[in-house]
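Coordinates from input_27.txt are shown below (compact mmCIF, C-alpha atoms and all ligand atoms).
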# COMPACT_ATOMS: atom_id res chain seq x y z
CA MET A 1 22.88 -14.39 -41.55
CA ILE A 2 22.45 -11.69 -44.15
CA THR A 3 24.48 -11.56 -47.34
CA LYS A 4 25.78 -8.05 -48.05
CA LEU A 5 26.98 -6.48 -51.28
CA ARG A 6 28.64 -3.12 -51.94
CA PHE A 7 29.30 -1.63 -55.36
CA LEU A 8 32.73 0.00 -54.96
CA GLY A 9 32.37 1.38 -58.46
CA THR A 10 29.94 1.21 -61.36
CA GLY A 11 32.11 2.48 -64.22
CA GLY A 12 33.65 0.39 -66.97
CA GLY A 13 34.98 0.59 -70.46
CA ARG A 14 37.85 2.77 -71.57
CA PHE A 15 36.71 6.37 -71.31
CA SER A 16 34.43 6.02 -68.36
CA THR A 17 37.46 4.59 -66.52
CA ILE A 18 39.98 7.12 -67.82
CA PHE A 19 37.80 10.07 -66.84
CA GLN A 20 36.27 8.33 -63.81
CA SER A 21 32.81 9.33 -65.03
CA ARG A 22 31.72 6.66 -62.60
CA ALA A 23 34.06 5.17 -60.01
CA THR A 24 35.74 1.84 -60.78
CA GLY A 25 36.80 -0.75 -58.23
CA GLY A 26 34.44 -3.70 -58.51
CA LEU A 27 32.13 -5.40 -56.09
CA TYR A 28 32.49 -6.43 -52.44
CA ILE A 29 30.46 -9.35 -51.05
CA GLU A 30 30.22 -10.53 -47.45
CA SER A 31 28.49 -13.84 -46.73
CA GLY A 32 30.40 -15.57 -43.96
CA VAL A 33 33.49 -14.92 -46.11
CA LYS A 34 34.70 -11.64 -47.59
CA ILE A 35 35.01 -11.56 -51.35
CA HIS A 36 36.26 -8.80 -53.65
CA ILE A 37 35.51 -9.07 -57.36
CA ASP A 38 37.33 -7.11 -60.08
CA PRO A 39 39.49 -4.55 -58.25
CA GLY A 40 39.80 -1.92 -60.97
CA PRO A 41 41.40 1.52 -60.56
CA GLY A 42 40.52 3.07 -57.20
CA ALA A 43 39.35 -0.12 -55.50
CA ILE A 44 41.67 0.41 -52.57
CA LEU A 45 40.59 4.05 -52.18
CA HIS A 46 36.89 3.18 -52.16
CA MET A 47 37.51 0.40 -49.64
CA LYS A 48 39.04 3.01 -47.36
CA ASN A 49 36.08 5.35 -47.88
CA TYR A 50 33.54 2.61 -47.12
CA GLY A 51 35.44 1.13 -44.16
CA ILE A 52 36.31 -2.17 -45.83
CA ASN A 53 39.62 -3.55 -44.58
CA PRO A 54 41.78 -4.97 -47.42
CA THR A 55 43.69 -7.21 -44.99
CA LYS A 56 40.45 -9.06 -44.17
CA ILE A 57 39.51 -10.08 -47.72
CA ASP A 58 39.43 -13.88 -48.00
CA TYR A 59 38.96 -14.35 -51.74
CA LEU A 60 39.96 -12.07 -54.58
CA LEU A 61 38.21 -12.86 -57.86
CA ILE A 62 39.31 -11.29 -61.16
CA SER A 63 37.15 -12.04 -64.18
CA HIS A 64 39.57 -11.03 -66.94
CA CYS A 65 42.67 -9.15 -67.90
CA HIS A 66 41.38 -5.66 -68.75
CA PRO A 67 42.60 -2.81 -66.54
CA ASP A 68 39.12 -1.64 -65.46
CA HIS A 69 38.96 -5.04 -63.71
CA TYR A 70 42.46 -5.77 -62.41
CA THR A 71 44.67 -2.72 -61.70
CA ASP A 72 44.47 -2.81 -57.89
CA GLY A 73 44.85 -6.60 -57.83
CA GLU A 74 48.46 -6.71 -56.66
CA ILE A 75 47.80 -4.20 -53.87
CA LEU A 76 44.88 -6.35 -52.74
CA VAL A 77 47.18 -9.41 -52.70
CA GLU A 78 49.57 -7.45 -50.48
CA GLY A 79 46.67 -6.43 -48.27
CA MET A 80 45.22 -9.93 -47.98
CA THR A 81 48.62 -11.37 -47.06
CA GLN A 82 49.38 -8.51 -44.66
CA GLY A 83 52.20 -7.16 -46.73
CA GLY A 84 53.34 -10.63 -47.74
CA ARG A 85 53.96 -11.66 -44.12
CA LYS A 86 51.08 -14.07 -43.73
CA ARG A 87 49.96 -16.71 -46.19
CA ARG A 88 46.20 -16.30 -46.16
CA GLY A 89 43.37 -15.82 -48.64
CA MET A 90 43.15 -16.97 -52.22
CA LEU A 91 43.27 -15.39 -55.65
CA LEU A 92 40.94 -16.89 -58.26
CA ALA A 93 41.14 -15.42 -61.73
CA SER A 94 41.03 -16.00 -65.45
CA LYS A 95 44.03 -17.69 -67.02
CA SER A 96 44.96 -14.39 -68.71
CA VAL A 97 45.25 -12.60 -65.35
CA LEU A 98 47.51 -15.24 -63.79
CA GLU A 99 49.46 -16.71 -66.68
CA GLY A 100 48.86 -14.44 -69.66
CA VAL A 101 47.25 -15.56 -72.92
CA GLY A 102 48.65 -14.43 -76.28
CA ASP A 103 49.43 -10.73 -75.97
CA ILE A 104 47.08 -10.30 -72.98
CA GLY A 105 48.45 -10.20 -69.45
CA PRO A 106 49.46 -11.48 -67.02
CA ALA A 107 48.27 -8.84 -64.55
CA ILE A 108 49.77 -10.31 -61.40
CA SER A 109 53.55 -10.53 -61.05
CA LYS A 110 55.42 -13.72 -60.20
CA TYR A 111 56.32 -12.13 -56.88
CA HIS A 112 52.68 -11.47 -55.99
CA LYS A 113 51.69 -14.96 -57.08
CA SER A 114 54.34 -16.32 -54.73
CA LEU A 115 52.63 -14.60 -51.79
CA ILE A 116 49.19 -16.14 -52.12
CA ASN A 117 47.44 -19.38 -53.05
CA HIS A 118 45.99 -18.92 -56.50
CA LYS A 119 44.17 -20.85 -59.18
CA HIS A 120 42.99 -20.00 -62.64
CA LEU A 121 39.35 -20.71 -63.29
CA SER A 122 37.70 -22.11 -66.40
CA PRO A 123 33.97 -22.09 -67.12
CA GLY A 124 32.26 -24.91 -65.22
CA ASP A 125 34.77 -25.00 -62.35
CA PHE A 126 33.04 -25.39 -59.00
CA LEU A 127 34.81 -24.62 -55.71
CA ASN A 128 33.73 -24.62 -52.11
CA LEU A 129 34.78 -21.43 -50.32
CA GLY A 130 33.56 -22.36 -46.84
CA PRO A 131 30.07 -20.92 -46.36
CA VAL A 132 29.59 -20.26 -50.07
CA ASP A 133 30.21 -22.17 -53.29
CA LEU A 134 31.75 -20.56 -56.33
CA GLU A 135 30.99 -21.55 -59.89
CA ALA A 136 32.90 -20.10 -62.86
CA THR A 137 30.74 -19.26 -65.87
CA PRO A 138 31.55 -18.66 -69.55
CA SER A 139 31.84 -15.29 -71.30
CA VAL A 140 32.17 -14.16 -74.89
CA HIS A 141 34.71 -11.36 -74.63
CA SER A 142 37.87 -10.06 -76.30
CA ASP A 143 39.87 -11.75 -73.54
CA PRO A 144 39.00 -15.34 -74.53
CA THR A 145 39.64 -16.69 -71.02
CA THR A 146 37.16 -14.35 -69.29
CA VAL A 147 35.05 -16.01 -66.61
CA GLY A 148 31.92 -14.85 -64.79
CA PHE A 149 31.00 -15.93 -61.28
CA LYS A 150 28.03 -17.52 -59.63
CA ILE A 151 28.20 -17.32 -55.86
CA HIS A 152 25.87 -19.72 -54.13
CA THR A 153 25.19 -18.33 -50.64
CA PRO A 154 22.82 -19.69 -47.97
CA ASN A 155 20.53 -16.79 -48.97
CA GLY A 156 20.51 -17.62 -52.66
CA THR A 157 22.66 -17.21 -55.72
CA ILE A 158 24.38 -14.02 -56.85
CA SER A 159 25.31 -14.04 -60.52
CA TYR A 160 28.13 -11.74 -61.51
CA VAL A 161 28.12 -11.74 -65.28
CA ALA A 162 31.53 -10.74 -66.63
CA ASP A 163 32.02 -8.58 -69.73
CA THR A 164 30.38 -10.51 -72.55
CA SER A 165 28.32 -10.41 -75.70
CA LEU A 166 24.82 -11.82 -75.42
CA SER A 167 25.03 -15.58 -75.95
CA ASP A 168 22.71 -18.51 -75.14
CA GLU A 169 25.55 -20.38 -73.44
CA VAL A 170 26.33 -17.44 -71.14
CA VAL A 171 22.66 -16.88 -70.27
CA GLU A 172 22.10 -20.59 -69.60
CA ALA A 173 25.02 -20.64 -67.14
CA HIS A 174 23.38 -17.96 -64.97
CA LYS A 175 20.00 -19.64 -64.53
CA GLY A 176 18.85 -19.82 -60.93
CA ALA A 177 20.25 -16.43 -59.90
CA ARG A 178 18.34 -14.54 -57.24
CA ILE A 179 20.44 -11.42 -57.80
CA LEU A 180 21.68 -10.82 -61.34
CA ILE A 181 24.51 -8.35 -61.85
CA LEU A 182 24.88 -7.32 -65.48
CA PRO A 183 27.67 -5.27 -67.06
CA VAL A 184 25.53 -3.07 -69.29
CA THR A 185 28.26 -1.04 -70.95
CA ARG A 186 26.06 0.45 -73.66
CA PRO A 187 22.61 2.09 -73.74
CA ARG A 188 19.88 1.42 -76.30
CA ASN A 189 20.73 1.70 -80.01
CA SER A 190 24.50 1.52 -79.53
CA ARG A 191 25.39 -2.15 -79.20
CA ILE A 192 29.09 -3.02 -79.65
CA ASP A 193 30.96 -6.33 -79.81
CA TRP A 194 31.98 -8.08 -76.59
CA HIS A 195 29.60 -6.08 -74.35
CA LEU A 196 25.95 -5.94 -73.32
CA SER A 197 23.54 -3.17 -74.29
CA THR A 198 20.23 -2.39 -72.61
CA GLU A 199 18.37 -4.44 -75.25
CA ASP A 200 20.67 -7.42 -74.58
CA ALA A 201 20.03 -7.03 -70.86
CA VAL A 202 16.27 -7.38 -71.40
CA GLU A 203 16.80 -10.69 -73.26
CA PHE A 204 19.09 -11.85 -70.47
CA ILE A 205 16.63 -10.95 -67.69
CA ARG A 206 13.64 -12.58 -69.41
CA LYS A 207 15.49 -15.91 -69.49
CA ILE A 208 16.84 -15.76 -65.95
CA GLU A 209 13.77 -14.29 -64.18
CA PRO A 210 15.81 -13.03 -61.18
CA GLU A 211 14.29 -11.36 -58.14
CA ILE A 212 16.32 -8.25 -58.94
CA THR A 213 18.85 -7.20 -61.56
CA PHE A 214 21.53 -4.56 -61.08
CA PHE A 215 23.09 -2.82 -64.04
CA THR A 216 26.73 -1.79 -63.60
CA HIS A 217 29.97 -1.32 -65.62
CA PHE A 218 28.71 1.81 -67.36
CA GLY A 219 30.59 3.14 -70.36
CA LEU A 220 30.62 6.85 -71.16
CA LYS A 221 27.67 6.63 -73.57
CA MET A 222 25.67 4.78 -70.92
CA VAL A 223 26.53 7.39 -68.28
CA ARG A 224 25.34 10.13 -70.66
CA ALA A 225 22.14 8.21 -71.48
CA GLU A 226 21.57 7.87 -67.70
CA PRO A 227 21.65 4.30 -66.39
CA GLU A 228 18.49 4.91 -64.29
CA ILE A 229 16.49 5.65 -67.44
CA GLU A 230 17.90 2.57 -69.19
CA ALA A 231 17.19 0.39 -66.14
CA TYR A 232 13.61 1.68 -65.95
CA TRP A 233 13.09 0.89 -69.65
CA ALA A 234 14.50 -2.63 -69.11
CA GLN A 235 12.20 -3.13 -66.13
CA GLU A 236 9.12 -2.10 -68.13
CA LYS A 237 10.19 -4.21 -71.10
CA SER A 238 11.10 -7.36 -69.13
CA GLY A 239 8.52 -7.21 -66.35
CA TYR A 240 11.23 -7.88 -63.72
CA ARG A 241 12.74 -5.54 -61.15
CA VAL A 242 15.81 -3.72 -62.50
CA MET A 243 17.98 -1.07 -60.85
CA ALA A 244 21.00 0.86 -62.02
CA ALA A 245 23.73 0.46 -59.40
CA LYS A 246 25.24 3.63 -57.96
CA ASP A 247 28.79 4.09 -56.68
CA GLY A 248 28.81 2.92 -53.07
CA MET A 249 25.34 1.32 -53.24
CA ARG A 250 24.68 -1.34 -50.60
CA VAL A 251 22.44 -4.36 -51.03
CA SER A 252 21.34 -6.84 -48.35
CA MET A 253 20.00 -10.28 -49.19
CA GLY A 254 18.14 -12.19 -46.48
CA SER A 255 14.57 -13.34 -46.81
CA ARG A 256 14.09 -10.02 -48.62
CA ILE A 257 16.45 -8.01 -50.77
CA THR A 258 16.92 -4.40 -49.70
CA VAL A 259 18.90 -1.58 -51.28
CA LYS A 260 20.52 1.41 -49.55
ZN ZN A 301 36.66 -6.21 -70.56
Could you render the structure from this file as structure tokens?
Ligand SMILES: [Zn+2]
Amino acid sequence: MITKLRFLGTGGGRFSTIFQSRATGGLYIESGVKIHIDPGPGAILHMKNYGINPTKIDYLLISHCHPDHYTDGEILVEGMTQGGRKRRGMLLASKSVLEGVGDIGPAISKYHKSLINHKHLSPGDFLNLGPVDLEATPSVHSDPTTVGFKIHTPNGTISYVADTSLSDEVVEAHKGARILILPVTRPRNSRIDWHLSTEDAVEFIRKIEPEITFFTHFGLKMVRAEPEIEAYWAQEKSGYRVMAAKDGMRVSMGSRITVK
């Protein structure tokens, strides 16, 4: 069996999302189960365009309570439960998304929570999702309950790093990844708090040594700097394969990893 990934969108951060400089909508993974991660604005539209059926999603994962990651979440819950008629699927998310934390969230209404089994994840949580295992990882982000995801498939581990500053603890948690997905919001020479820049990504990659890294979650400055140029620089600097994800990009992971 081949594990398949599809980038529904590669945009992130405020203005890139507002102007849709890159699409938003998260990541779709199929590996015996169907997983949707971070359904930001437009997720449902891009699913339609790429022929992904929202009623077939088994697990919806939401890393944190910022709108570029959660806005289509409730629609996905309706899709997964076939309009609320069938209790199926599961929603796994940060505490902020499900319960609210301080003045952040929640992002999913009580009604939508009543439709679906759900659980809030904390770093270190480990769950079996049938053919894959899910591990929640830490993040250093303005939503203090943000979690990243490590998906252990029969073909190897996919690390989905959530929005974060560079931190030893976060890097350590992603060791062993075959595919590393990094939210590189900022290009070189423009690092900001709570996010990764291209320089941070190089540090991250050197410690993980993945087979391939995909940059995604591009802010407006990153889009203008051209993610492909930043990814090429990171590849030269780190010595490991790095690609900038494109909207709609497909990746297959079997004995080899191929990109379409
Ligand atoms: Zn965020």
Grab all the atoms of range 238-242 of chain A that the file lists, wrap them in a box along x, y and z, add 8 Å per side, and give me centre plus edge lengths in Å (one decimal) as JSON.
{"center_x": 12.2, "center_y": -5.8, "center_z": -65.1, "size_x": 23.3, "size_y": 20.2, "size_z": 24.0}
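In terms of minimum interatomic distance to Asn189 in chain A, A:Glu230 ranks closest within A:Glu169, A:Ile212, A:Leu115, A:Glu230, counting all atoms listed in the file.
Using all atoms listed in the file as the basis for the distance check, residues found within 9 Å of ligand ZN 301 (chain A) are Gly12, Gly13, Ser63, His64, Cys65, His66, Pro67, Asp68, His69, His141, Ser142, Asp143, Thr146, Ala162, Asp163, Thr164, Trp194 and His195 of chain A.
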For Thr10 in chain A: contacts at 9 Å, all atoms listed in the file, fewer than 2 positions along chain excluded, given as a compact mmCIF listing (two decimals) with C-alpha atoms, in the frame of the given file:
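Produced file out_33.txt, reproduced below:
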# COMPACT_ATOMS: atom_id res chain seq x y z
CA PHE A 7 29.30 -1.63 -55.36
CA LEU A 8 32.73 0.00 -54.96
CA GLY A 12 33.65 0.39 -66.97
CA ARG A 22 31.72 6.66 -62.60
CA ALA A 23 34.06 5.17 -60.01
CA THR A 24 35.74 1.84 -60.78
CA GLY A 25 36.80 -0.75 -58.23
CA GLY A 26 34.44 -3.70 -58.51
CA LEU A 27 32.13 -5.40 -56.09
CA PRO A 183 27.67 -5.27 -67.06
CA PHE A 215 23.09 -2.82 -64.04
CA THR A 216 26.73 -1.79 -63.60
CA HIS A 217 29.97 -1.32 -65.62
CA PHE A 218 28.71 1.81 -67.36
CA ALA A 244 21.00 0.86 -62.02
CA ALA A 245 23.73 0.46 -59.40
CA LYS A 246 25.24 3.63 -57.96
CA ASP A 247 28.79 4.09 -56.68
CA GLY A 248 28.81 2.92 -53.07
Notebook entry, point to check: Which value, in Å to one decimal, gives the distance between CA of Ala231 in chain A and CA of Thr198 in chain A?
Noted result: 7.7 Å
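Residue neighbourhood of Ile29 in chain A, excluding near-sequence residues (fewer than 2 positions): Thr3, Lys4, Leu5, Arg6, Leu27, Ser31, Lys34, Ile35 and His36 of chain A, at 8 Å, using all atoms listed in the file.
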Next item on the list: Compute the distance from (39.9, -16.0, -56.9) to each atom, counting all atoms listed in the file, keep the residues with any atom at most 7 Å away, and return them as a ChimeraX atom specification; use the coordinates of the file.
Entry: /A:59-62,90-93,118-119
Kindly save the residues from that selection, with C-alpha atoms included, as a compact mmCIF listing (two decimals), in the coordinates of the input.
# COMPACT_ATOMS: atom_id res chain seq x y z
CA TYR A 59 38.96 -14.35 -51.74
CA LEU A 60 39.96 -12.07 -54.58
CA LEU A 61 38.21 -12.86 -57.86
CA ILE A 62 39.31 -11.29 -61.16
CA MET A 90 43.15 -16.97 -52.22
CA LEU A 91 43.27 -15.39 -55.65
CA LEU A 92 40.94 -16.89 -58.26
CA ALA A 93 41.14 -15.42 -61.73
CA HIS A 118 45.99 -18.92 -56.50
CA LYS A 119 44.17 -20.85 -59.18
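Taking only C-alpha atoms into account, Lys150 in chain A lies nearest to A:Ile37 out of the set A:Ala201, A:Met1, A:Ile37, A:Gly219.
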Contact residues around Gly83 in chain A with only C-alpha atoms at 10 Å, ignoring same-chain residues under 5 positions, as a short mmCIF file (atom, residue, chain, number, x, y, z; two decimals) with C-alpha atoms, in the frame of the given file:
data_model
loop_
_atom_site.label_atom_id
_atom_site.label_comp_id
_atom_site.auth_asym_id
_atom_site.auth_seq_id
_atom_site.Cartn_x
_atom_site.Cartn_y
_atom_site.Cartn_z
CA THR A 55 43.69 -7.21 -44.99
CA ILE A 75 47.80 -4.20 -53.87
CA LEU A 76 44.88 -6.35 -52.74
CA VAL A 77 47.18 -9.41 -52.70
CA GLU A 78 49.57 -7.45 -50.48
CA LEU A 115 52.63 -14.60 -51.79
#
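Our summary of the geometry notes that CA of Leu182 in chain A is positioned 29.1 Å from CA of Lys113 in chain A.
Taking CA of Met222 in chain A and CA of Gly51 in chain A as the two end points, the separation is 28.7 Å.
Proximity ranking of A:His46, A:Arg250, A:Arg191, A:Arg206 relative to Lys221 in chain A places A:Arg191 first, based on only C-alpha atoms.
Of the residues listed (A:Lys86, A:Arg241, A:Arg224, A:His112), A:Arg241 shows the shortest atom-to-atom separation from Leu180 in chain A; distances use all atoms listed in the file.
Checking A:Lys95, A:Asp58, A:Ser255, A:Gly100 one by one against Gln82 in chain A, counting only C-alpha atoms, you find the shortest gap at A:Asp58.
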Margin query: So that I can check the surroundings of range 233-236 of chain A, please list as a PyMOL selection string every protein, DNA and RNA residue that reaches within 12 Å of it, counting all atoms listed in the file and ignoring chain neighbours fewer than 5 positions away.
Written below: chain A and resi 182+184+187-188+197-206+209-215+225-228+241-244
